[in-house]
Protein chains: 4
Amino acid sequence: MLKVFICGGSGYTGGELLRILSNHPGVIVTGATSERSAGKSVTDLFPHLYKYSNLVFEPLRTDEILIKADLFFMALPHGESQEAVDFLVNNGKKVIDLSADYRLRDAKTYEKWYKVPHKFQNTLKKAVYGLPEIYRHKIKKASLVANPGCYPTGAILGLLPALKNKIVSTSSIIIDSKSGASGAGRKADIAVSFCEVNEGFKAYAVGTHRHTPEIEQEFSFLSGKHITVNFTPHLLPVDRGILTTLYGPLIKKATSHDVVKMYKNAYKKEPFVRVLEYGTYPNIKNVRGTNFCDIGVTVNERTDTLIVVTAIDNLVKGASGQAVQNMNIMMGFDEKTALDTLAVFP
Amino acid sequence: MLKVFICGGSGYTGGELLRILSNHPGVIVTGATSERSAGKSVTDLFPHLYKYSNLVFEPLRTDEILIKADLFFMALPHGESQEAVDFLVNNGKKVIDLSADYRLRDAKTYEKWYKVPHKFQNTLKKAVYGLPEIYRHKIKKASLVANPGCYPTGAILGLLPALKNKIVSTSSIIIDSKSGASGAGRKADIAVSFCEVNEGFKAYAVGTHRHTPEIEQEFSFLSGKHITVNFTPHLLPVDRGILTTLYGPLIKKATSHDVVKMYKNAYKKEPFVRVLEYGTYPNIKNVRGTNFCDIGVTVNERTDTLIVVTAIDNLVKGASGQAVQNMNIMMGFDEKTALDTLAVFP
Amino acid sequence: MLKVFICGGSGYTGGELLRILSNHPGVIVTGATSERSAGKSVTDLFPHLYKYSNLVFEPLRTDEILIKADLFFMALPHGESQEAVDFLVNNGKKVIDLSADYRLRDAKTYEKWYKVPHKFQNTLKKAVYGLPEIYRHKIKKASLVANPGCYPTGAILGLLPALKNKIVSTSSIIIDSKSGASGAGRKADIAVSFCEVNEGFKAYAVGTHRHTPEIEQEFSFLSGKHITVNFTPHLLPVDRGILTTLYGPLIKKATSHDVVKMYKNAYKKEPFVRVLEYGTYPNIKNVRGTNFCDIGVTVNERTDTLIVVTAIDNLVKGASGQAVQNMNIMMGFDEKTALDTLAVFP
Amino acid sequence: MLKVFICGGSGYTGGELLRILSNHPGVIVTGATSERSAGKSVTDLFPHLYKYSNLVFEPLRTDEILIKADLFFMALPHGESQEAVDFLVNNGKKVIDLSADYRLRDAKTYEKWYKVPHKFQNTLKKAVYGLPEIYRHKIKKASLVANPGCYPTGAILGLLPALKNKIVSTSSIIIDSKSGASGAGRKADIAVSFCEVNEGFKAYAVGTHRHTPEIEQEFSFLSGKHITVNFTPHLLPVDRGILTTLYGPLIKKATSHDVVKMYKNAYKKEPFVRVLEYGTYPNIKNVRGTNFCDIGVTVNERTDTLIVVTAIDNLVKGASGQAVQNMNIMMGFDEKTALDTLAVFP
């Protein structure tokens, strides 16, 4: 049995890690930390996680937790993860970091967008960006995986085949994303209170969201060109799910049937990407609670534009599910272990 | 492998049967019927049920399906189930009927509330009411199980210990229930359209709902007295879940701690009933997608009234999950098989 | 023009007072206080209240505001209102207090339920309970009106005709209420965050809610007997609205038609109470944003129980709308002024 | 008093016309038609419209209704409106058509997108496109106003200043729109039932929505160039509201402050367009039930792209409110009459 430990277990991603890992036959969760809820049991915070009634949150003490596990999931806030990750990696542990701290390969870009310096650049060099659909082979051998952000996961999977096949212009890509409220985390904040979010819809952080450089890094990697993008996130009045609508001007003539075929081919071996049939588009409701990314793709022939719509569950493929997928790859489990479930609908 | 077949598979309870059975290692689904969707595949109607992409709905022909399975789930509308159930049972099949047709032991009561006569009273006599917490031993040996209604499940489990222990008056019981919209089924109807239900809340069928005699039958059985109840259903703007608040005047002095203890004791061996700690009450969100019935219980000492609050998922413990639980009991599987999952929260 | 001032204007009831008063041709709002938002304009907090872009919240200084208005609406938290109300009333101002501080005529009952003593019992004696359907004549002459709580408004209007006509037993009344999330106020609190409330439903404060003694006070007044009640509030995943389902054992034989007629007769002159036709029940969606209380009433002849369902908007008839109705009565305006609007549906 | 009549009064736009007109001191509604609900009263279908309890829906007989009013609102389905409009206009009546039948000036474009020929091209020539912010002077003198579609209203107002000032490229405009469920109308359809829409989000009619040519017609008119656009509608799980996010590559250097100023200047005299301050973006919740179009505008300087976000209530500024605004202009009322209300928030 693989012993795993969760640093930052009292938020929604922590809860999802616990839920998903409870289905994993090869893993045992040996502990979880929470500063604000230290001393409380998991079921005090998450009554639905009844299988963890004996697990009590503890404060994070990196030296004490070292012996408790072989692999650590880090679900700490951005900036707070850096040092703990460095310590664990340098002590020979496997680490999957769900924060943004090790996602950007360029420390200066990190500092520019996150407003704090990166103090552990040697460790940063070891980090592998944990999107299996691009980096599966590197993830297999990695000691540190930087789990992708929720928005980048939906955006990158949406354009990967188009960028690799160089069918879209790299200069005018539009990424219009809509996320459920759990993306904001579990927190006391009037802005995410029920009466403010319910029956509302708005854009936020227009042109300034921190997931922008992460998307640009991977788009540039896939295309071999330096790409800047327009990325606009919006807040949906639902618990879970991100729908992303992507627009890219075609630079090669292609029909809708061509691009559906191209996408199906690109993802034919991927266990968690489903390319929908021609004329069909995804709904976040169909991926709720699952690790799938559903993709609908078409060409607007009146404007020569590729339009792609992707749907993920922001807490699963956009966070904790992908983290478990990465763990499965790193540790030699079947990649689908604990993730092969059907959505609960409606 | 047990071969099972679903009659009436295109509604929400049919979809849930398919979802839950996909987790069952001892069962294979050999077919499913739908009149309005015959010829379509399961994934045309339920994109989330991707594991059933090869299963195509067929029209119901009782003579043809006989050889296809050993156990039949019947998710047909009330009145339409009677004859098919009779045919299957008389041909030696095991049947779990999710309709109301075999729930009321008295055919006249059935006719009074459902406005159609019961034509198969010999078969009706064989039917066992499928609430395992009362009838587990009978279910084990049954060929025909009448799966309880969603409201009755939440109501009966809420008062079972109090009625058995004769601590409440049987003459003034109030059952105030609130159900999510999936209880109305998957249908084209302005009354269940999004804009009518969303941001709304109302009572309906006040004093006249068809689940009333079913609740009264089991309350009377448990208490040994003839009981009539006030049962008021309400429509909640959520997908799933029934919360039921029950009020019964105490006829024996008891404290909240006494009744919590009594309830915990009554259900201590039940795998799907969770009695909450003193001062704690259930939320439908914590049982979403699961087979649990969560129960909070207290005594209002100012009025000498027992107050019980129960929460179930109307499509799982209130329908398809309980049906699978009954199948497990009938066929000798571990009772929790395919049902031992955690809720997806939030 | 009547000058009015709002103490505690930055919460949802404060916002509603401003919205409703903007329709009032005889009133001018001269100021509003907020401790946490002092210095901000109304439109910073409530972008929808664009007509108040020049109004800036100020901290509460009772001596300074005295000259600013003739009538004061107090929307302060319970306990914080006592002293300011006393000061304003003793300085000759008209006051409508939306807090609970002057609702309970017995200071000891207040202290028992609110855990603070009442320090201004002389002023308390002057307070009139502001439910116009009972106390209109007293409100006309009052200097201090204690605006009813949201739950009590729906509960009292639901049983007023039955209690006055003595058709229900006073010993076993059940009040099962369901309120939208705005009832909790505008605040930073995980428990009212979107992901916790949405798709959920629960009971809370079972048997212990502070509105209980207020309901009992008025039920006792109406019936001439000391009444204790079972009152259970629940949290609905909607912005606004309270639906209350009331159960009372009949002590006089009556049919549904009898009680519909009795209720229609009792409320025939009331501008804001609508008794629905036989067999029809209210929906909170139909009163959203309005000052109406819709009432459906029936007799369950199988159990000899009167069942009443009432719907109000908790922020309007349950708070700010009723406060303006009281102001209209006190100041000699037509009672419907500023309140005669249609709901926005859907 | 102006006598007005509503053809097609039983849908959501019909209900909104009735609600808004109830606030209009210069108008009397003399009748309303509905085929499916003929003989029923308005309050049977819309309990919230209590002021219309005496108005009974009648079947549409164009010859009979002619004498009943001076101005007709047509809220019939597309294709069904053509003939009735032609008849009324040719009989000297003022007509405001909320269907799409008279919006497209080119009959061939109409036939291509709506799949039916336009049989009344002489009348079509008289139609004025009813967006006051462009055509106010023509509307004043019009006998037939084609009320804009909901999506086009939000899209056109979003780019009007930019297109007029020629600051964006006309070849790569992206319009990503998200609409509440009332946009689909009041109908019995599984696809708009609560459980399908709630907690879901999806794109639909990608690149093929019928509002596309309407947007292109007006964009082309404003810019003086032939424009084709990418328009993608999405379905939001809310009752009301459309948020539209528009992207246009800048062809002149401009800062965010420049474009905010340009937009504020362009709309400074418009009573129903609010340009928000720099860095602020609209929320559909703030315009709910009102005739406002709120606009947030910025420049992404990293990509030289103008990004505009607009919010309207699809049933008000996107339909019935704009129709009343047009009526006010046509008939010489103050343009804001009956429309000068505050949103109900939350």
# chains A, B, ... in the order shown; residues from 1 in each chain; ligands from 1
>>> interface_residues(of="chain C", to="chain D", cutoff="7 Å", atoms="only C-alpha atoms", output="JSON, numbers by chain")
{"C": [19, 47, 48, 49, 239, 286, 287, 289, 342, 343, 344, 346]}
>>> residues_around(residues="Leu104 (chain C)", least_positions_apart="3", cutoff="7 Å", atoms="only C-alpha atoms", output="PyMOL selection string")
chain C and resi 107+110+214
>>> write_last_selection(atoms="N, CA, C and O atoms", output="compact mmCIF listing (two decimals), in the first residue's frame")
# COMPACT_ATOMS: atom_id res chain seq x y z
N ALA C 107 -40.11 41.87 28.86
CA ALA C 107 -38.64 42.03 28.83
C ALA C 107 -37.92 40.75 29.27
O ALA C 107 -36.82 40.47 28.81
N TYR C 110 -37.68 38.46 26.38
CA TYR C 110 -36.62 38.97 25.50
C TYR C 110 -35.25 38.53 26.01
O TYR C 110 -34.43 38.00 25.26
N GLU C 214 -41.95 35.24 19.62
CA GLU C 214 -42.70 36.29 18.92
C GLU C 214 -44.00 35.71 18.33
O GLU C 214 -45.07 36.31 18.43
>>> residues_around(residues="Ile134 (chain D)", least_positions_apart="2", cutoff="10 Å", atoms="only C-alpha atoms", output="PyMOL selection string")
chain D and resi 129-132+136-139+156-157+160+218+221-222
>>> write_last_selection(atoms="N, CA, C and O atoms", output="PDB file, in the first residue's frame")
ATOM      1  N   TYR D 129     -35.681  49.186 -37.640  1.00  0.00           N
ATOM      2  CA  TYR D 129     -35.067  48.326 -36.633  1.00  0.00           C
ATOM      3  C   TYR D 129     -35.082  49.069 -35.301  1.00  0.00           C
ATOM      4  O   TYR D 129     -34.496  50.149 -35.165  1.00  0.00           O
ATOM      5  N   GLY D 130     -35.719  48.467 -34.309  1.00  0.00           N
ATOM      6  CA  GLY D 130     -36.066  49.207 -33.097  1.00  0.00           C
ATOM      7  C   GLY D 130     -35.008  49.290 -32.024  1.00  0.00           C
ATOM      8  O   GLY D 130     -35.319  49.068 -30.849  1.00  0.00           O
ATOM      9  N   LEU D 131     -33.796  49.646 -32.403  1.00  0.00           N
ATOM     10  CA  LEU D 131     -32.795  49.900 -31.375  1.00  0.00           C
ATOM     11  C   LEU D 131     -32.663  51.417 -31.246  1.00  0.00           C
ATOM     12  O   LEU D 131     -32.026  52.072 -32.081  1.00  0.00           O
ATOM     13  N   PRO D 132     -33.248  51.991 -30.198  1.00  0.00           N
ATOM     14  CA  PRO D 132     -33.297  53.464 -30.098  1.00  0.00           C
ATOM     15  C   PRO D 132     -31.925  54.110 -30.143  1.00  0.00           C
ATOM     16  O   PRO D 132     -31.792  55.232 -30.646  1.00  0.00           O
ATOM     17  N   ARG D 136     -33.329  56.134 -33.190  1.00  0.00           N
ATOM     18  CA  ARG D 136     -34.371  56.857 -32.473  1.00  0.00           C
ATOM     19  C   ARG D 136     -35.185  57.776 -33.402  1.00  0.00           C
ATOM     20  O   ARG D 136     -36.416  57.808 -33.333  1.00  0.00           O
ATOM     21  N   HIS D 137     -34.510  58.497 -34.254  1.00  0.00           N
ATOM     22  CA  HIS D 137     -35.238  59.457 -35.095  1.00  0.00           C
ATOM     23  C   HIS D 137     -36.179  58.764 -36.074  1.00  0.00           C
ATOM     24  O   HIS D 137     -37.276  59.244 -36.345  1.00  0.00           O
ATOM     25  N   LYS D 138     -35.758  57.624 -36.595  1.00  0.00           N
ATOM     26  CA  LYS D 138     -36.642  56.867 -37.490  1.00  0.00           C
ATOM     27  C   LYS D 138     -37.809  56.229 -36.735  1.00  0.00           C
ATOM     28  O   LYS D 138     -38.921  56.123 -37.255  1.00  0.00           O
ATOM     29  N   ILE D 139     -37.520  55.769 -35.523  1.00  0.00           N
ATOM     30  CA  ILE D 139     -38.577  55.126 -34.725  1.00  0.00           C
ATOM     31  C   ILE D 139     -39.709  56.112 -34.453  1.00  0.00           C
ATOM     32  O   ILE D 139     -40.886  55.747 -34.488  1.00  0.00           O
ATOM     33  N   ILE D 156     -24.881  44.527 -30.143  1.00  0.00           N
ATOM     34  CA  ILE D 156     -24.763  45.777 -30.901  1.00  0.00           C
ATOM     35  C   ILE D 156     -24.404  46.938 -29.975  1.00  0.00           C
ATOM     36  O   ILE D 156     -23.506  47.735 -30.271  1.00  0.00           O
ATOM     37  N   LEU D 157     -25.089  47.007 -28.823  1.00  0.00           N
ATOM     38  CA  LEU D 157     -24.752  48.090 -27.900  1.00  0.00           C
ATOM     39  C   LEU D 157     -23.309  47.953 -27.409  1.00  0.00           C
ATOM     40  O   LEU D 157     -22.653  48.955 -27.107  1.00  0.00           O
ATOM     41  N   LEU D 160     -21.139  49.313 -30.645  1.00  0.00           N
ATOM     42  CA  LEU D 160     -21.537  50.532 -31.358  1.00  0.00           C
ATOM     43  C   LEU D 160     -20.471  51.634 -31.334  1.00  0.00           C
ATOM     44  O   LEU D 160     -20.038  52.088 -32.399  1.00  0.00           O
ATOM     45  N   GLU D 218     -26.423  44.994 -38.503  1.00  0.00           N
ATOM     46  CA  GLU D 218     -26.223  46.260 -37.789  1.00  0.00           C
ATOM     47  C   GLU D 218     -24.743  46.610 -37.626  1.00  0.00           C
ATOM     48  O   GLU D 218     -24.378  47.774 -37.683  1.00  0.00           O
ATOM     49  N   PHE D 221     -23.863  48.096 -40.878  1.00  0.00           N
ATOM     50  CA  PHE D 221     -24.417  49.450 -40.973  1.00  0.00           C
ATOM     51  C   PHE D 221     -23.563  50.448 -40.186  1.00  0.00           C
ATOM     52  O   PHE D 221     -23.244  51.546 -40.672  1.00  0.00           O
ATOM     53  N   LEU D 222     -23.171  50.056 -38.978  1.00  0.00           N
ATOM     54  CA  LEU D 222     -22.419  50.982 -38.118  1.00  0.00           C
ATOM     55  C   LEU D 222     -21.020  51.265 -38.653  1.00  0.00           C
ATOM     56  O   LEU D 222     -20.506  52.378 -38.530  1.00  0.00           O
TER      57      LEU D 222
END
>>> residues_around(residues="Tyr263 (chain C)", least_positions_apart="3", cutoff="7 Å", atoms="only C-alpha atoms", output="number ranges by chain")
C: 161, 259-260, 266-267, 275
>>> residues_around(residues="region 254-256 of chain A", least_positions_apart="3", cutoff="12 Å", atoms="only C-alpha atoms", output="short mmCIF file (atom, residue, chain, number, x, y, z; two decimals) with all heavy atoms, in the first residue's frame")
data_model
loop_
_atom_site.label_atom_id
_atom_site.label_comp_id
_atom_site.auth_asym_id
_atom_site.auth_seq_id
_atom_site.Cartn_x
_atom_site.Cartn_y
_atom_site.Cartn_z
N ALA A 162 -4.95 21.28 -32.43
CA ALA A 162 -4.88 22.35 -33.42
C ALA A 162 -3.52 23.02 -33.44
O ALA A 162 -2.98 23.35 -34.51
CB ALA A 162 -5.97 23.38 -33.13
N ASN A 165 -0.87 20.58 -34.88
CA ASN A 165 -1.02 20.43 -36.32
C ASN A 165 -0.95 21.76 -37.05
O ASN A 165 -1.17 21.81 -38.26
CB ASN A 165 -2.35 19.72 -36.62
CG ASN A 165 -2.29 18.24 -36.28
OD1 ASN A 165 -1.68 17.46 -36.99
ND2 ASN A 165 -2.89 17.88 -35.14
N LYS A 166 -0.70 22.82 -36.31
CA LYS A 166 -0.48 24.14 -36.88
C LYS A 166 -1.58 24.57 -37.83
O LYS A 166 -1.33 25.07 -38.94
CB LYS A 166 0.89 24.19 -37.60
CG LYS A 166 2.06 23.87 -36.66
CD LYS A 166 3.40 24.07 -37.32
CE LYS A 166 4.53 23.51 -36.45
NZ LYS A 166 4.57 24.03 -35.06
N ILE A 167 -2.83 24.39 -37.40
CA ILE A 167 -3.93 24.81 -38.28
C ILE A 167 -4.53 26.16 -37.87
O ILE A 167 -5.34 26.71 -38.58
CB ILE A 167 -5.06 23.75 -38.35
CG1 ILE A 167 -5.72 23.55 -36.97
CG2 ILE A 167 -4.56 22.44 -38.91
CD1 ILE A 167 -7.03 22.77 -37.04
N VAL A 168 -4.14 26.68 -36.70
CA VAL A 168 -4.67 27.99 -36.29
C VAL A 168 -3.55 29.02 -36.15
O VAL A 168 -2.43 28.68 -35.78
CB VAL A 168 -5.46 27.94 -34.96
CG1 VAL A 168 -6.79 27.23 -35.14
CG2 VAL A 168 -4.64 27.29 -33.86
N PRO A 249 -8.33 31.67 -35.48
CA PRO A 249 -8.45 31.81 -36.93
C PRO A 249 -7.70 30.68 -37.64
O PRO A 249 -6.54 30.40 -37.30
CB PRO A 249 -7.78 33.16 -37.22
CG PRO A 249 -7.63 33.84 -35.89
CD PRO A 249 -7.56 32.77 -34.87
N LEU A 250 -8.37 30.02 -38.55
CA LEU A 250 -7.73 28.94 -39.30
C LEU A 250 -6.69 29.50 -40.26
O LEU A 250 -6.93 30.50 -40.94
CB LEU A 250 -8.78 28.18 -40.12
CG LEU A 250 -9.61 27.13 -39.41
CD1 LEU A 250 -10.60 26.51 -40.40
CD2 LEU A 250 -8.72 26.04 -38.80
N ILE A 251 -5.54 28.82 -40.32
CA ILE A 251 -4.55 29.22 -41.33
C ILE A 251 -4.40 28.14 -42.40
O ILE A 251 -3.67 28.31 -43.37
CB ILE A 251 -3.17 29.54 -40.70
CG1 ILE A 251 -2.70 28.38 -39.82
CG2 ILE A 251 -3.26 30.83 -39.88
CD1 ILE A 251 -1.30 28.58 -39.25
N VAL A 259 -11.71 18.56 -38.68
CA VAL A 259 -11.17 18.83 -37.35
C VAL A 259 -11.69 17.86 -36.31
O VAL A 259 -10.96 17.49 -35.38
CB VAL A 259 -11.39 20.31 -36.92
CG1 VAL A 259 -10.58 21.25 -37.81
CG2 VAL A 259 -12.85 20.68 -36.89
N VAL A 260 -12.93 17.41 -36.46
CA VAL A 260 -13.42 16.36 -35.54
C VAL A 260 -12.53 15.14 -35.67
O VAL A 260 -12.09 14.54 -34.67
CB VAL A 260 -14.89 16.00 -35.83
CG1 VAL A 260 -15.30 14.75 -35.05
CG2 VAL A 260 -15.82 17.16 -35.47
N LYS A 261 -12.22 14.77 -36.89
CA LYS A 261 -11.37 13.60 -37.13
C LYS A 261 -9.96 13.80 -36.54
O LYS A 261 -9.42 12.91 -35.90
CB LYS A 261 -11.28 13.38 -38.66
CG LYS A 261 -10.81 12.00 -39.05
CD LYS A 261 -10.93 11.83 -40.57
CE LYS A 261 -10.05 10.70 -41.08
NZ LYS A 261 -10.06 10.65 -42.56
N MET A 262 -9.42 14.99 -36.78
CA MET A 262 -8.10 15.30 -36.23
C MET A 262 -8.08 15.18 -34.72
O MET A 262 -7.17 14.60 -34.13
CB MET A 262 -7.70 16.72 -36.63
CG MET A 262 -6.40 17.18 -36.00
SD MET A 262 -6.16 18.98 -36.21
CE MET A 262 -5.88 19.08 -37.96
N TYR A 263 -9.11 15.72 -34.08
CA TYR A 263 -9.17 15.68 -32.62
C TYR A 263 -9.38 14.25 -32.11
O TYR A 263 -8.77 13.82 -31.14
CB TYR A 263 -10.29 16.61 -32.10
CG TYR A 263 -9.83 18.02 -31.85
CD1 TYR A 263 -9.36 18.82 -32.90
CD2 TYR A 263 -9.83 18.56 -30.57
CE1 TYR A 263 -8.92 20.12 -32.67
CE2 TYR A 263 -9.39 19.86 -30.33
CZ TYR A 263 -8.94 20.64 -31.38
OH TYR A 263 -8.50 21.91 -31.15
N GLU A 277 -19.10 13.77 -31.15
CA GLU A 277 -19.41 13.66 -32.58
C GLU A 277 -19.67 15.03 -33.19
O GLU A 277 -20.05 15.98 -32.49
CB GLU A 277 -20.63 12.76 -32.78
CG GLU A 277 -20.45 11.33 -32.31
CD GLU A 277 -19.24 10.66 -32.94
OE1 GLU A 277 -19.03 10.83 -34.16
OE2 GLU A 277 -18.50 9.97 -32.20
N TYR A 278 -19.49 15.13 -34.48
CA TYR A 278 -19.76 16.34 -35.25
C TYR A 278 -21.13 16.96 -34.87
O TYR A 278 -22.14 16.27 -34.83
CB TYR A 278 -19.75 15.98 -36.74
CG TYR A 278 -20.31 17.06 -37.63
CD1 TYR A 278 -19.58 18.22 -37.91
CD2 TYR A 278 -21.58 16.93 -38.19
CE1 TYR A 278 -20.10 19.21 -38.72
CE2 TYR A 278 -22.11 17.92 -39.01
CZ TYR A 278 -21.36 19.06 -39.26
OH TYR A 278 -21.89 20.04 -40.05
N GLY A 279 -21.13 18.23 -34.58
CA GLY A 279 -22.39 18.92 -34.28
C GLY A 279 -22.83 18.82 -32.83
O GLY A 279 -23.90 19.31 -32.46
N THR A 280 -22.02 18.19 -32.02
CA THR A 280 -22.37 17.97 -30.61
C THR A 280 -21.40 18.73 -29.71
O THR A 280 -20.20 18.75 -29.99
CB THR A 280 -22.29 16.46 -30.28
OG1 THR A 280 -22.93 15.73 -31.31
CG2 THR A 280 -22.96 16.16 -28.96
N GLY A 296 -16.05 19.48 -27.85
CA GLY A 296 -16.79 19.63 -29.11
C GLY A 296 -16.01 20.57 -29.99
O GLY A 296 -15.47 21.58 -29.51
N VAL A 297 -15.94 20.28 -31.28
CA VAL A 297 -15.08 21.07 -32.16
C VAL A 297 -15.79 21.29 -33.50
O VAL A 297 -16.50 20.42 -33.99
CB VAL A 297 -13.69 20.39 -32.30
CG1 VAL A 297 -13.82 18.98 -32.82
CG2 VAL A 297 -12.75 21.18 -33.16
N THR A 298 -15.64 22.48 -34.03
CA THR A 298 -16.28 22.79 -35.30
C THR A 298 -15.50 23.88 -36.03
O THR A 298 -14.63 24.53 -35.43
CB THR A 298 -17.75 23.24 -35.09
OG1 THR A 298 -18.45 23.21 -36.32
CG2 THR A 298 -17.81 24.66 -34.53
N VAL A 299 -15.80 24.03 -37.30
CA VAL A 299 -15.24 25.14 -38.07
C VAL A 299 -16.40 26.03 -38.51
O VAL A 299 -17.39 25.55 -39.06
CB VAL A 299 -14.48 24.64 -39.31
CG1 VAL A 299 -14.17 25.79 -40.27
CG2 VAL A 299 -13.21 23.93 -38.89
N ASN A 300 -16.29 27.32 -38.21
CA ASN A 300 -17.25 28.27 -38.75
C ASN A 300 -16.74 28.65 -40.13
O ASN A 300 -15.79 29.44 -40.27
CB ASN A 300 -17.38 29.49 -37.84
CG ASN A 300 -18.48 30.42 -38.31
OD1 ASN A 300 -18.94 30.34 -39.45
ND2 ASN A 300 -18.91 31.32 -37.43
N GLU A 301 -17.36 28.10 -41.16
CA GLU A 301 -16.82 28.30 -42.51
C GLU A 301 -17.12 29.71 -43.03
O GLU A 301 -16.49 30.17 -43.97
CB GLU A 301 -17.36 27.22 -43.46
CG GLU A 301 -16.92 25.84 -42.99
CD GLU A 301 -17.20 24.73 -44.02
OE1 GLU A 301 -17.61 25.05 -45.15
OE2 GLU A 301 -17.00 23.55 -43.66
N ARG A 302 -18.07 30.39 -42.43
CA ARG A 302 -18.34 31.77 -42.84
C ARG A 302 -17.21 32.71 -42.42
O ARG A 302 -17.02 33.77 -43.01
CB ARG A 302 -19.66 32.25 -42.22
CG ARG A 302 -20.87 31.41 -42.67
CD ARG A 302 -22.16 31.85 -41.99
NE ARG A 302 -22.59 33.16 -42.44
CZ ARG A 302 -22.59 34.25 -41.68
NH1 ARG A 302 -22.18 34.18 -40.43
NH2 ARG A 302 -22.98 35.40 -42.18
N THR A 303 -16.49 32.33 -41.37
CA THR A 303 -15.42 33.21 -40.87
C THR A 303 -14.05 32.53 -40.84
O THR A 303 -13.08 33.14 -40.39
CB THR A 303 -15.74 33.66 -39.42
OG1 THR A 303 -15.81 32.48 -38.59
CG2 THR A 303 -17.05 34.42 -39.34
N ASP A 304 -13.99 31.29 -41.29
CA ASP A 304 -12.72 30.53 -41.24
C ASP A 304 -12.12 30.51 -39.84
O ASP A 304 -10.95 30.81 -39.64
CB ASP A 304 -11.71 31.11 -42.23
CG ASP A 304 -12.04 30.68 -43.65
OD1 ASP A 304 -12.51 29.54 -43.85
OD2 ASP A 304 -11.86 31.50 -44.57
N THR A 305 -12.95 30.16 -38.90
CA THR A 305 -12.50 30.13 -37.51
C THR A 305 -12.74 28.75 -36.91
O THR A 305 -13.81 28.16 -37.10
CB THR A 305 -13.27 31.19 -36.68
OG1 THR A 305 -13.12 32.47 -37.30
CG2 THR A 305 -12.77 31.25 -35.25
N LEU A 306 -11.75 28.26 -36.22
CA LEU A 306 -11.91 27.04 -35.44
C LEU A 306 -12.55 27.40 -34.10
O LEU A 306 -12.07 28.31 -33.42
CB LEU A 306 -10.55 26.39 -35.19
CG LEU A 306 -10.57 25.13 -34.30
CD1 LEU A 306 -11.15 23.94 -35.06
CD2 LEU A 306 -9.18 24.82 -33.76
N ILE A 307 -13.62 26.69 -33.77
CA ILE A 307 -14.27 26.92 -32.47
C ILE A 307 -14.27 25.60 -31.70
O ILE A 307 -14.73 24.58 -32.22
CB ILE A 307 -15.71 27.45 -32.64
CG1 ILE A 307 -15.70 28.71 -33.51
CG2 ILE A 307 -16.34 27.73 -31.28
CD1 ILE A 307 -17.08 29.28 -33.81
N VAL A 308 -13.76 25.66 -30.49
CA VAL A 308 -13.67 24.45 -29.66
C VAL A 308 -14.33 24.75 -28.32
O VAL A 308 -14.13 25.83 -27.75
CB VAL A 308 -12.20 24.04 -29.42
CG1 VAL A 308 -12.13 22.73 -28.64
CG2 VAL A 308 -11.43 23.93 -30.72
N VAL D 206 -23.77 26.59 -32.32
CA VAL D 206 -22.45 27.22 -32.52
C VAL D 206 -22.26 27.59 -33.99
O VAL D 206 -22.27 26.72 -34.86
CB VAL D 206 -21.31 26.28 -32.06
CG1 VAL D 206 -19.95 26.94 -32.26
CG2 VAL D 206 -21.51 25.87 -30.60
N GLY D 207 -22.14 28.86 -34.26
CA GLY D 207 -21.94 29.33 -35.63
C GLY D 207 -23.19 29.32 -36.50
O GLY D 207 -23.14 29.69 -37.67
#
>>> select_by_dssp(residues="region 16-89 of chain D", states="alpha helix (DSSP H)", output="PyMOL selection string")
chain D and resi 16-21+42-45+62-65+81-89
>>> select_by_dssp(residues="region 47-233 of chain B", states="strand (DSSP E or B)", output="MDAnalysis selection string")
chainID B and resid 56 58 71:74 94:97 128:129 144:146 168 174:179 193 202:203 230:233
>>> atom_distance(atom1="CA of Cys195 (chain A)", atom2="CA of Gly183 (chain C)")
9.9 Å
>>> residues_around(residues="Cys293 (chain D)", least_positions_apart="3", cutoff="8 Å", atoms="only C-alpha atoms", output="list in words")
Gly154, Leu157, Phe272, Val273, Arg274, Val287, Thr310, Ala311, Ile312, Asp313 and Lys317 of chain D
